[in-house]
Each structure stands twice: as structure tokens, then as C-alpha cells.
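Below is the file entry.txt, which contains compact mmCIF, N, CA and C atoms.
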# COMPACT_ATOMS: atom_id res chain seq x y z
N MET Y 95 0.85 -1.17 0.00
CA MET Y 95 0.00 0.00 0.00
C MET Y 95 0.90 1.23 0.00
N LYS Y 96 0.45 2.26 -0.69
CA LYS Y 96 1.21 3.51 -0.75
C LYS Y 96 0.34 4.66 -0.25
N ILE Y 97 0.92 5.45 0.63
CA ILE Y 97 0.28 6.66 1.13
C ILE Y 97 1.12 7.84 0.65
N THR Y 98 0.50 8.77 -0.04
CA THR Y 98 1.19 9.99 -0.45
C THR Y 98 0.70 11.14 0.40
N PHE Y 99 1.62 11.82 1.04
CA PHE Y 99 1.30 12.97 1.87
C PHE Y 99 1.67 14.22 1.10
N VAL Y 100 0.66 14.88 0.54
CA VAL Y 100 0.85 16.10 -0.23
C VAL Y 100 0.89 17.27 0.75
N GLY Y 101 1.92 18.07 0.66
CA GLY Y 101 2.11 19.16 1.61
C GLY Y 101 2.92 18.68 2.80
N ALA Y 102 3.84 17.77 2.56
CA ALA Y 102 4.62 17.15 3.63
C ALA Y 102 5.53 18.14 4.34
N GLY Y 103 5.73 19.32 3.76
CA GLY Y 103 6.54 20.34 4.42
C GLY Y 103 5.91 20.88 5.68
N SER Y 104 4.65 20.56 5.90
CA SER Y 104 4.00 20.90 7.17
C SER Y 104 4.39 19.82 8.17
N THR Y 105 5.56 19.95 8.73
CA THR Y 105 6.20 18.90 9.51
C THR Y 105 5.37 18.42 10.69
N VAL Y 106 4.79 19.32 11.45
CA VAL Y 106 4.02 18.91 12.64
C VAL Y 106 2.80 18.11 12.22
N PHE Y 107 2.08 18.58 11.20
CA PHE Y 107 0.90 17.85 10.74
C PHE Y 107 1.30 16.49 10.17
N ALA Y 108 2.35 16.44 9.38
CA ALA Y 108 2.83 15.17 8.82
C ALA Y 108 3.22 14.22 9.94
N LYS Y 109 3.91 14.73 10.94
CA LYS Y 109 4.31 13.90 12.08
C LYS Y 109 3.10 13.31 12.78
N ASN Y 110 2.10 14.11 13.02
CA ASN Y 110 0.91 13.62 13.72
C ASN Y 110 0.16 12.57 12.91
N VAL Y 111 -0.09 12.85 11.64
CA VAL Y 111 -0.86 11.92 10.81
C VAL Y 111 -0.08 10.64 10.54
N LEU Y 112 1.16 10.78 10.10
CA LEU Y 112 1.93 9.60 9.74
C LEU Y 112 2.39 8.82 10.97
N GLY Y 113 2.61 9.50 12.08
CA GLY Y 113 2.94 8.80 13.33
C GLY Y 113 1.79 7.92 13.77
N ASP Y 114 0.58 8.45 13.72
CA ASP Y 114 -0.60 7.66 14.05
C ASP Y 114 -0.75 6.49 13.09
N THR Y 115 -0.48 6.74 11.82
CA THR Y 115 -0.58 5.68 10.82
C THR Y 115 0.40 4.55 11.12
N MET Y 116 1.62 4.89 11.46
CA MET Y 116 2.64 3.87 11.74
C MET Y 116 2.30 3.02 12.96
N LEU Y 117 1.47 3.55 13.83
CA LEU Y 117 1.08 2.79 15.01
C LEU Y 117 0.00 1.74 14.71
N CYS Y 118 -0.62 1.83 13.54
CA CYS Y 118 -1.66 0.87 13.15
C CYS Y 118 -1.00 -0.30 12.44
N GLU Y 119 -1.25 -1.48 12.93
CA GLU Y 119 -0.61 -2.69 12.39
C GLU Y 119 -0.80 -2.84 10.87
N ASP Y 120 -1.96 -2.49 10.36
CA ASP Y 120 -2.23 -2.63 8.93
C ASP Y 120 -1.35 -1.75 8.05
N PHE Y 121 -0.74 -0.74 8.63
CA PHE Y 121 0.08 0.19 7.86
C PHE Y 121 1.58 0.08 8.15
N HIS Y 122 2.01 -0.89 8.92
CA HIS Y 122 3.43 -0.99 9.28
C HIS Y 122 4.35 -1.08 8.07
N ASP Y 123 3.97 -1.84 7.07
CA ASP Y 123 4.84 -2.09 5.92
C ASP Y 123 4.49 -1.24 4.70
N THR Y 124 3.89 -0.12 4.92
CA THR Y 124 3.41 0.71 3.81
C THR Y 124 4.54 1.51 3.17
N GLU Y 125 4.28 2.00 1.99
CA GLU Y 125 5.18 2.93 1.31
C GLU Y 125 4.63 4.32 1.56
N ILE Y 126 5.48 5.21 2.04
CA ILE Y 126 5.08 6.58 2.32
C ILE Y 126 5.83 7.51 1.39
N ALA Y 127 5.09 8.27 0.60
CA ALA Y 127 5.67 9.25 -0.31
C ALA Y 127 5.37 10.64 0.23
N LEU Y 128 6.42 11.39 0.49
CA LEU Y 128 6.29 12.77 0.97
C LEU Y 128 6.46 13.70 -0.21
N TYR Y 129 5.51 14.60 -0.42
CA TYR Y 129 5.56 15.52 -1.54
C TYR Y 129 5.39 16.96 -1.06
N ASP Y 130 6.24 17.85 -1.57
CA ASP Y 130 6.11 19.27 -1.27
C ASP Y 130 6.86 20.07 -2.33
N ILE Y 131 6.64 21.37 -2.34
CA ILE Y 131 7.32 22.25 -3.29
C ILE Y 131 8.46 23.03 -2.62
N ASP Y 132 8.64 22.86 -1.33
CA ASP Y 132 9.68 23.55 -0.58
C ASP Y 132 10.72 22.51 -0.15
N SER Y 133 11.90 22.56 -0.75
CA SER Y 133 12.91 21.53 -0.52
C SER Y 133 13.39 21.48 0.93
N GLU Y 134 13.57 22.61 1.55
CA GLU Y 134 14.07 22.64 2.93
C GLU Y 134 13.05 22.01 3.89
N ARG Y 135 11.81 22.40 3.76
CA ARG Y 135 10.76 21.86 4.65
C ARG Y 135 10.51 20.38 4.36
N LEU Y 136 10.58 20.00 3.09
CA LEU Y 136 10.42 18.58 2.74
C LEU Y 136 11.52 17.76 3.38
N GLN Y 137 12.74 18.23 3.35
CA GLN Y 137 13.86 17.51 3.97
C GLN Y 137 13.67 17.39 5.48
N GLU Y 138 13.20 18.45 6.13
CA GLU Y 138 12.94 18.39 7.57
C GLU Y 138 11.91 17.31 7.90
N SER Y 139 10.84 17.28 7.13
CA SER Y 139 9.81 16.26 7.35
C SER Y 139 10.35 14.87 7.06
N TYR Y 140 11.13 14.74 6.01
CA TYR Y 140 11.71 13.43 5.65
C TYR Y 140 12.57 12.90 6.80
N LEU Y 141 13.41 13.75 7.35
CA LEU Y 141 14.28 13.31 8.45
C LEU Y 141 13.46 12.91 9.68
N LEU Y 142 12.44 13.69 10.00
CA LEU Y 142 11.60 13.39 11.16
C LEU Y 142 10.81 12.10 10.94
N ILE Y 143 10.16 11.94 9.79
CA ILE Y 143 9.36 10.76 9.52
C ILE Y 143 10.25 9.51 9.45
N SER Y 144 11.44 9.65 8.89
CA SER Y 144 12.37 8.52 8.84
C SER Y 144 12.79 8.09 10.24
N ALA Y 145 13.05 9.05 11.12
CA ALA Y 145 13.42 8.73 12.50
C ALA Y 145 12.24 8.06 13.22
N MET Y 146 11.04 8.56 13.01
CA MET Y 146 9.86 7.93 13.62
C MET Y 146 9.69 6.51 13.11
N ASN Y 147 9.91 6.31 11.82
CA ASN Y 147 9.79 4.98 11.25
C ASN Y 147 10.75 4.01 11.96
N GLU Y 148 11.96 4.45 12.20
CA GLU Y 148 12.94 3.60 12.90
C GLU Y 148 12.55 3.37 14.35
N ASN Y 149 12.07 4.41 15.01
CA ASN Y 149 11.81 4.33 16.45
C ASN Y 149 10.50 3.67 16.83
N ILE Y 150 9.43 3.91 16.08
CA ILE Y 150 8.14 3.35 16.48
C ILE Y 150 7.62 2.28 15.53
N ASN Y 151 8.31 2.09 14.40
CA ASN Y 151 7.83 1.16 13.39
C ASN Y 151 8.89 0.14 12.98
N GLU Y 152 9.98 0.11 13.71
CA GLU Y 152 11.08 -0.83 13.44
C GLU Y 152 11.58 -0.75 12.00
N GLY Y 153 11.46 0.43 11.38
CA GLY Y 153 11.97 0.65 10.03
C GLY Y 153 11.21 -0.08 8.94
N ARG Y 154 10.00 -0.51 9.21
CA ARG Y 154 9.26 -1.33 8.24
C ARG Y 154 8.69 -0.55 7.06
N ALA Y 155 8.40 0.72 7.23
CA ALA Y 155 7.84 1.51 6.12
C ALA Y 155 8.96 1.92 5.17
N SER Y 156 8.58 2.12 3.94
CA SER Y 156 9.49 2.64 2.92
C SER Y 156 9.12 4.11 2.72
N ILE Y 157 10.10 4.99 2.88
CA ILE Y 157 9.80 6.43 2.81
C ILE Y 157 10.60 7.06 1.67
N SER Y 158 9.89 7.80 0.83
CA SER Y 158 10.54 8.51 -0.26
C SER Y 158 10.04 9.94 -0.28
N LYS Y 159 10.79 10.80 -0.95
CA LYS Y 159 10.38 12.21 -1.02
C LYS Y 159 10.38 12.66 -2.48
N PHE Y 160 9.43 13.54 -2.77
CA PHE Y 160 9.24 14.07 -4.11
C PHE Y 160 9.12 15.58 -4.01
N LEU Y 161 9.94 16.28 -4.77
CA LEU Y 161 10.00 17.74 -4.71
C LEU Y 161 9.51 18.35 -6.01
N GLY Y 162 8.64 19.34 -5.90
CA GLY Y 162 8.26 20.15 -7.03
C GLY Y 162 7.10 19.63 -7.85
N VAL Y 163 6.48 20.56 -8.55
CA VAL Y 163 5.29 20.26 -9.36
C VAL Y 163 5.59 19.16 -10.38
N GLU Y 164 6.77 19.17 -10.95
CA GLU Y 164 7.11 18.20 -11.99
C GLU Y 164 7.17 16.76 -11.45
N ASN Y 165 7.23 16.58 -10.15
CA ASN Y 165 7.28 15.23 -9.56
C ASN Y 165 5.97 14.81 -8.88
N ARG Y 166 4.96 15.63 -9.02
CA ARG Y 166 3.68 15.33 -8.36
C ARG Y 166 3.07 14.02 -8.84
N ARG Y 167 3.07 13.78 -10.13
CA ARG Y 167 2.49 12.53 -10.67
C ARG Y 167 3.23 11.31 -10.12
N ALA Y 168 4.53 11.37 -10.05
CA ALA Y 168 5.30 10.25 -9.53
C ALA Y 168 4.96 9.99 -8.07
N ALA Y 169 4.78 11.06 -7.31
CA ALA Y 169 4.42 10.92 -5.89
C ALA Y 169 3.07 10.26 -5.73
N LEU Y 170 2.14 10.58 -6.61
CA LEU Y 170 0.77 10.07 -6.50
C LEU Y 170 0.58 8.71 -7.16
N GLU Y 171 1.52 8.29 -7.98
CA GLU Y 171 1.37 7.02 -8.71
C GLU Y 171 1.19 5.85 -7.75
N ASN Y 172 0.14 5.09 -7.96
CA ASN Y 172 -0.21 3.89 -7.17
C ASN Y 172 -0.60 4.18 -5.73
N ALA Y 173 -0.86 5.44 -5.42
CA ALA Y 173 -1.26 5.76 -4.03
C ALA Y 173 -2.72 5.44 -3.83
How would this structure read if it were set down as C-alpha cells?
Amino acid sequence: MKITFVGAGSTVFAKNVLGDTMLCEDFHDTEIALYDIDSERLQESYLLISAMNENINEGRASISKFLGVENRRAALENA
């Protein structure tokens, strides 16, 4: 399963939603795609979500990041 978080640069909101998701057994092995148009904020969210994945999800989720309008389709593909 793939979850795409559009607007992932909103780090606190992404942390709350994706953290709750990682706590649900059905979503432990999911693919998480983070998408935003702001590279700095996207990187901050990526680092935080990756750390949460390691700490509360035993690293089971696959996390990727997509930057910019030109990568929006790739982020949403199969979500």
C-alpha cells in the first residue's frame, strides 16, 4: 500500500498523521511518499518521519520524497 502525503513540508501535521498511521498494524509495511514544493521543509519532514519509522515502526515503512510540481504525478502514482 502507498500513502502519499501532499504538503509534507507541514512537519508537525505530517508527524501527527503519519505517526498515528505507523502505530496501526495494517500500515506498518506501507510505502510513504512525501511531496512538497519547498525543498528545505520537505527535507525536515523526511528526516523526522524517517526517525519515527525507525523508532516506532522498526523501520518497516518505505519512505521517499518528491519535490516540485514536476514530480507530483510520480508521488501520487499507485497511491
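Using only C-alpha atoms, the smallest distance between any of Y:Cys118, Y:Ala108, Y:Val163, Y:Leu170 and Leu141 of chain Y comes from Y:Ala108.
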Next item on the list: Would you list, as a PyMOL selection string, the residues of chain Y that end up in alpha helix (DSSP H) under DSSP run on this structure's backbone?
Entry: chain Y and resi 105-116+133-150+166-170
What separates atom CA of Gly101 of chain Y and atom CA of Tyr129 of chain Y is a distance of 5.9 Å
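Distance annotation: of Y:Asn151, Y:Ser158, Y:Gln137, Y:Asn165, the residue with the minimal separation from Gly103 of chain Y is Y:Gln137; atom set is only N, CA and C atoms.
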Here atom C of Arg135 of chain Y and atom CA of Phe121 of chain Y stand apart by 23.0 Å
| Distance query Arg154 of chain Y at most 8 Å, only C-alpha atoms, self and fewer than 6 positions along chain excluded, as a list in words |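 Counting only C-alpha atoms, the residues come to His122, Asp123, Thr124, Asn147 and Glu148 of chain Y.
With atom CA of Ala155 of chain Y on one side and atom CA of Arg167 of chain Y on the other, the separation reads 20.8 Å.
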From the list Y:Leu117, Y:Met146, Y:Tyr140, Y:Ala173, the nearest residue to Leu161 of chain Y using only C-alpha atoms is Y:Tyr140
